[in-house]
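Engineer: This is the structure, below, for whatever I ask next.
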Amino acid sequence: MHFLPEALDEYIVNHSEKEPDLLKQLTRETYQKVLQPRMLSGAYQGRVLSMLSKLIRPKQILEIGTFTGYSALCLAEGLLPNGQVHTIDRNEELAEFQERIFSGSPYSKNIKQYTGEALDIIPRLSSTFDLVFIDADKPNYPAYFHLIIDKMSSGGVILSDNVLWSGKVIQEVSNKDESTKALLQYNKLLAEDPRVESIMLPIRDGLTISRIV
């Protein structure tokens, strides 16, 4: 989703860090072999995730929603030495694809995959996380927040993707639109919960940065 005029968006992209070759190849392969390739984070947002991770310098990262591994690789760029990305996806059909991508990357020893429902897996994780990226099924965003908030380090950061949901968050919501209703609840939660301070950015489909206070 682009909220800026195309020419201005193109100018921004042209004056930002470029997509590494490894991720260009992953993008091509995703579009060739995987259904719904638009779920990919994309080059510009990937550079945003990389930059934020490099600024935070996390030891432990949790990603909810792996897809083909693009965002996990971007987040891994900012890891401290011997840090880990724990990435969860429920799509069993993508597990082998993800494993092959990760094993061929510089971060093969830093990324741990989990296949299954994040709501079941997160409670079993014992790590304290410095950075969490939520980019999965929208109806469970509030539940994910409540599961991870007590697993965050002091000053840790939660990144939440798709919080503008193609602009649907300011439109009339159908009773059947569970995703938009959940995002409205989630955005309100981030804005009001005293445990976090949040800022919503109009990057692509919306990205909220929440810092644990």
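By convention in this document, the chains of the structure tokens carry letters A, B, ... by their order, each chain's residues are numbered from 1, and ligands are numbered from 1 in the order they are shown.
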For stretch 63-71 of chain A, list every protein, DNA or RNA residue within 6 Å, evaluated using only C-alpha atoms, and leave out those in the same chain fewer than 6 positions away; present the list as number ranges by chain.
Structural biologist: A: 87-89, 98, 132-136
Engineer: Let's have the selection written as a PDB file, in the first residue's frame, with C-alpha atoms.
Structural biologist:
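What ended up in part-v7.pdb:
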ATOM      1  CA  THR A  87      10.662 -16.850  13.713  1.00  0.00           C
ATOM      2  CA  ILE A  88       7.237 -18.509  13.757  1.00  0.00           C
ATOM      3  CA  ASP A  89       4.958 -19.429  10.878  1.00  0.00           C
ATOM      4  CA  GLN A  98      12.370 -21.067   4.610  1.00  0.00           C
ATOM      5  CA  VAL A 132       9.606  -8.291  18.252  1.00  0.00           C
ATOM      6  CA  PHE A 133       8.119  -8.022  14.765  1.00  0.00           C
ATOM      7  CA  ILE A 134       4.420  -8.849  14.393  1.00  0.00           C
ATOM      8  CA  ASP A 135       3.335  -9.542  10.815  1.00  0.00           C
ATOM      9  CA  ALA A 136       0.884 -12.423  10.917  1.00  0.00           C
TER      10      ALA A 136
END
Engineer: With only C-alpha atoms as the counted atoms, please give the residues lying no more than 12 Å from A:Gly155, apart from itself and same-chain residues fewer than 5 positions off, as JSON, numbers by chain.
Structural biologist: {"A": [56, 57, 58, 128, 129, 130, 131, 132, 149, 195, 196, 197, 209, 210, 211, 212, 213]}
Engineer: Distance table requested - stretch 33-58 of chain A against stretch 13-27 of chain A, cut-off 9 Å, only C-alpha atoms: one row per qualifying residue with the closest atom pair and its distance in Å to one decimal, ordered by chain and rising residue number, as JSON lines.
Structural biologist:
{"residue": "A:Pro37", "atom": "CA", "partner": "A:Thr27", "partner_atom": "CA", "distance": 8.3}
{"residue": "A:Leu40", "atom": "CA", "partner": "A:Thr27", "partner_atom": "CA", "distance": 7.6}
{"residue": "A:Gly42", "atom": "CA", "partner": "A:Thr27", "partner_atom": "CA", "distance": 7.7}
{"residue": "A:Ala43", "atom": "CA", "partner": "A:Glu19", "partner_atom": "CA", "distance": 5.6}
{"residue": "A:Tyr44", "atom": "CA", "partner": "A:Val13", "partner_atom": "CA", "distance": 6.4}
{"residue": "A:Gly46", "atom": "CA", "partner": "A:Glu19", "partner_atom": "CA", "distance": 7.8}
{"residue": "A:Arg47", "atom": "CA", "partner": "A:Glu17", "partner_atom": "CA", "distance": 6.5}
{"residue": "A:Val48", "atom": "CA", "partner": "A:Glu17", "partner_atom": "CA", "distance": 9.0}
Engineer: Name the closest residue to A:Glu77 among the candidates A:Ser127, A:Phe97, A:Glu92, A:Asn110; distances are taken between atoms, counting only C-alpha atoms.
Structural biologist: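 Looking only at the distances to A:Glu77, the closest residue turns out to be A:Asn110.
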Engineer: Using only C-alpha atoms for the distances, tell me which of A:Ile111, A:Ala143, A:Ile158, A:Leu184 is nearest to A:Ser53.
Structural biologist: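 Under the stated criterion, the closest residue is A:Ile158.
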Engineer: I want to know what sits within 6 Å of A:Leu207, based on only C-alpha atoms, with residues of the same chain fewer than 2 positions away left out; could you give that as a count of residues only?
Structural biologist: 5
Engineer: Go ahead and compute the interatomic distance for atom CA of A:Ser105 and atom CA of A:Glu117, in Å to one decimal.
Structural biologist: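 Atom CA of A:Glu117 lies 25.3 Å from atom CA of A:Ser105.
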Engineer: Pull the helix (DSSP H, G or I) assignments for stretch 2-212 of chain A out of DSSP run on the backbone, and list those residues as number ranges by chain.
Structural biologist: A: 6-14, 21-33, 37-39, 43-56, 70-76, 92-103, 118-124, 138-151, 165-170, 178-192
Engineer: Export, as a short mmCIF file (atom, residue, chain, number, x, y, z; two decimals), in the first residue's frame, the selected residues with C-alpha atoms.
Structural biologist:
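Wrote it out as part.cif, contents follow:
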data_model
loop_
_atom_site.label_atom_id
_atom_site.label_comp_id
_atom_site.auth_asym_id
_atom_site.auth_seq_id
_atom_site.Cartn_x
_atom_site.Cartn_y
_atom_site.Cartn_z
CA GLU A 6 4.11 7.64 -6.83
CA ALA A 7 6.78 10.17 -7.86
CA LEU A 8 7.53 11.12 -4.26
CA ASP A 9 7.58 7.49 -3.18
CA GLU A 10 10.04 6.71 -5.97
CA TYR A 11 12.27 9.61 -4.84
CA ILE A 12 12.29 8.26 -1.28
CA VAL A 13 13.23 4.77 -2.44
CA ASN A 14 15.98 6.10 -4.70
CA ASP A 21 21.52 -9.14 -3.69
CA LEU A 22 20.50 -12.04 -1.44
CA LEU A 23 17.13 -10.41 -0.82
CA LYS A 24 16.66 -9.49 -4.47
CA GLN A 25 17.03 -13.18 -5.30
CA LEU A 26 14.61 -14.14 -2.53
CA THR A 27 12.07 -11.65 -3.89
CA ARG A 28 12.34 -13.12 -7.39
CA GLU A 29 12.00 -16.67 -6.11
CA THR A 30 9.03 -15.78 -3.92
CA TYR A 31 7.17 -14.29 -6.88
CA GLN A 32 8.02 -17.32 -9.02
CA LYS A 33 7.16 -20.10 -6.59
CA PRO A 37 3.91 -13.06 -3.00
CA ARG A 38 2.68 -9.57 -2.09
CA MET A 39 2.86 -10.69 1.55
CA ALA A 43 12.75 -3.79 -0.47
CA TYR A 44 12.01 -0.43 1.15
CA GLN A 45 10.29 -1.78 4.24
CA GLY A 46 13.01 -4.38 4.51
CA ARG A 47 15.61 -1.62 4.69
CA VAL A 48 13.52 0.08 7.38
CA LEU A 49 13.47 -3.15 9.42
CA SER A 50 17.21 -3.57 8.93
CA MET A 51 17.94 -0.01 10.04
CA LEU A 52 15.75 -0.30 13.14
CA SER A 53 17.42 -3.58 14.10
CA LYS A 54 20.87 -2.06 13.62
CA LEU A 55 19.89 0.88 15.85
CA ILE A 56 18.42 -1.39 18.55
CA TYR A 70 12.63 -11.93 3.89
CA SER A 71 11.93 -9.90 7.03
CA ALA A 72 13.78 -12.37 9.26
CA LEU A 73 16.93 -11.84 7.19
CA CYS A 74 16.48 -8.07 7.37
CA LEU A 75 16.08 -8.15 11.15
CA ALA A 76 19.07 -10.47 11.52
CA GLU A 92 3.92 -26.05 6.98
CA GLU A 93 4.22 -25.92 3.20
CA LEU A 94 6.73 -23.06 3.46
CA ALA A 95 8.96 -24.62 6.14
CA GLU A 96 11.34 -26.32 3.70
CA PHE A 97 11.55 -23.18 1.55
CA GLN A 98 12.37 -21.07 4.61
CA GLU A 99 15.00 -23.52 5.85
CA ARG A 100 16.76 -23.52 2.48
CA ILE A 101 16.79 -19.71 2.34
CA PHE A 102 18.13 -19.37 5.87
CA SER A 103 20.79 -22.07 5.47
CA ALA A 118 2.24 -18.72 17.45
CA LEU A 119 -0.35 -18.66 20.24
CA ASP A 120 0.85 -22.14 21.24
CA ILE A 121 4.57 -21.63 20.62
CA ILE A 122 5.17 -18.23 22.26
CA PRO A 123 4.28 -19.37 25.82
CA ARG A 124 6.94 -22.12 25.50
CA LYS A 138 -4.51 -9.76 12.00
CA PRO A 139 -7.33 -11.10 14.21
CA ASN A 140 -4.72 -12.38 16.69
CA TYR A 141 -2.67 -9.16 16.96
CA PRO A 142 -4.14 -8.23 20.38
CA ALA A 143 -3.52 -11.76 21.67
CA TYR A 144 0.07 -11.69 20.42
CA PHE A 145 0.67 -8.43 22.27
CA HIS A 146 -0.60 -9.85 25.56
CA LEU A 147 1.59 -12.94 25.13
CA ILE A 148 4.81 -11.08 24.39
CA ILE A 149 4.59 -8.01 26.63
CA ASP A 150 5.93 -9.85 29.69
CA LYS A 151 8.70 -11.46 27.63
CA TRP A 165 -4.66 -2.02 6.58
CA SER A 166 -4.97 -0.30 3.20
CA GLY A 167 -6.77 2.60 4.87
CA LYS A 168 -9.63 0.40 6.14
CA VAL A 169 -8.98 1.58 9.71
CA ILE A 170 -10.66 4.91 8.91
CA GLU A 178 -12.62 -9.50 11.59
CA SER A 179 -9.16 -8.32 10.52
CA THR A 180 -10.04 -4.61 10.46
CA LYS A 181 -11.94 -4.85 13.74
CA ALA A 182 -8.95 -6.56 15.37
CA LEU A 183 -6.54 -3.93 14.06
CA LEU A 184 -8.73 -1.13 15.38
CA GLN A 185 -8.68 -2.83 18.79
CA TYR A 186 -4.93 -3.39 18.54
CA ASN A 187 -4.11 0.17 17.51
CA LYS A 188 -6.20 1.47 20.42
CA LEU A 189 -4.39 -0.93 22.77
CA LEU A 190 -0.96 0.32 21.70
CA ALA A 191 -2.04 3.93 22.03
CA GLU A 192 -3.45 3.49 25.54
#
Engineer: Please indicate the distance in Å from atom CA of A:Thr208 to atom CA of A:Gly78, rounded to one decimal place.
Structural biologist: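 Atom-to-atom, atom CA of A:Thr208 to atom CA of A:Gly78, that is 18.7 Å.
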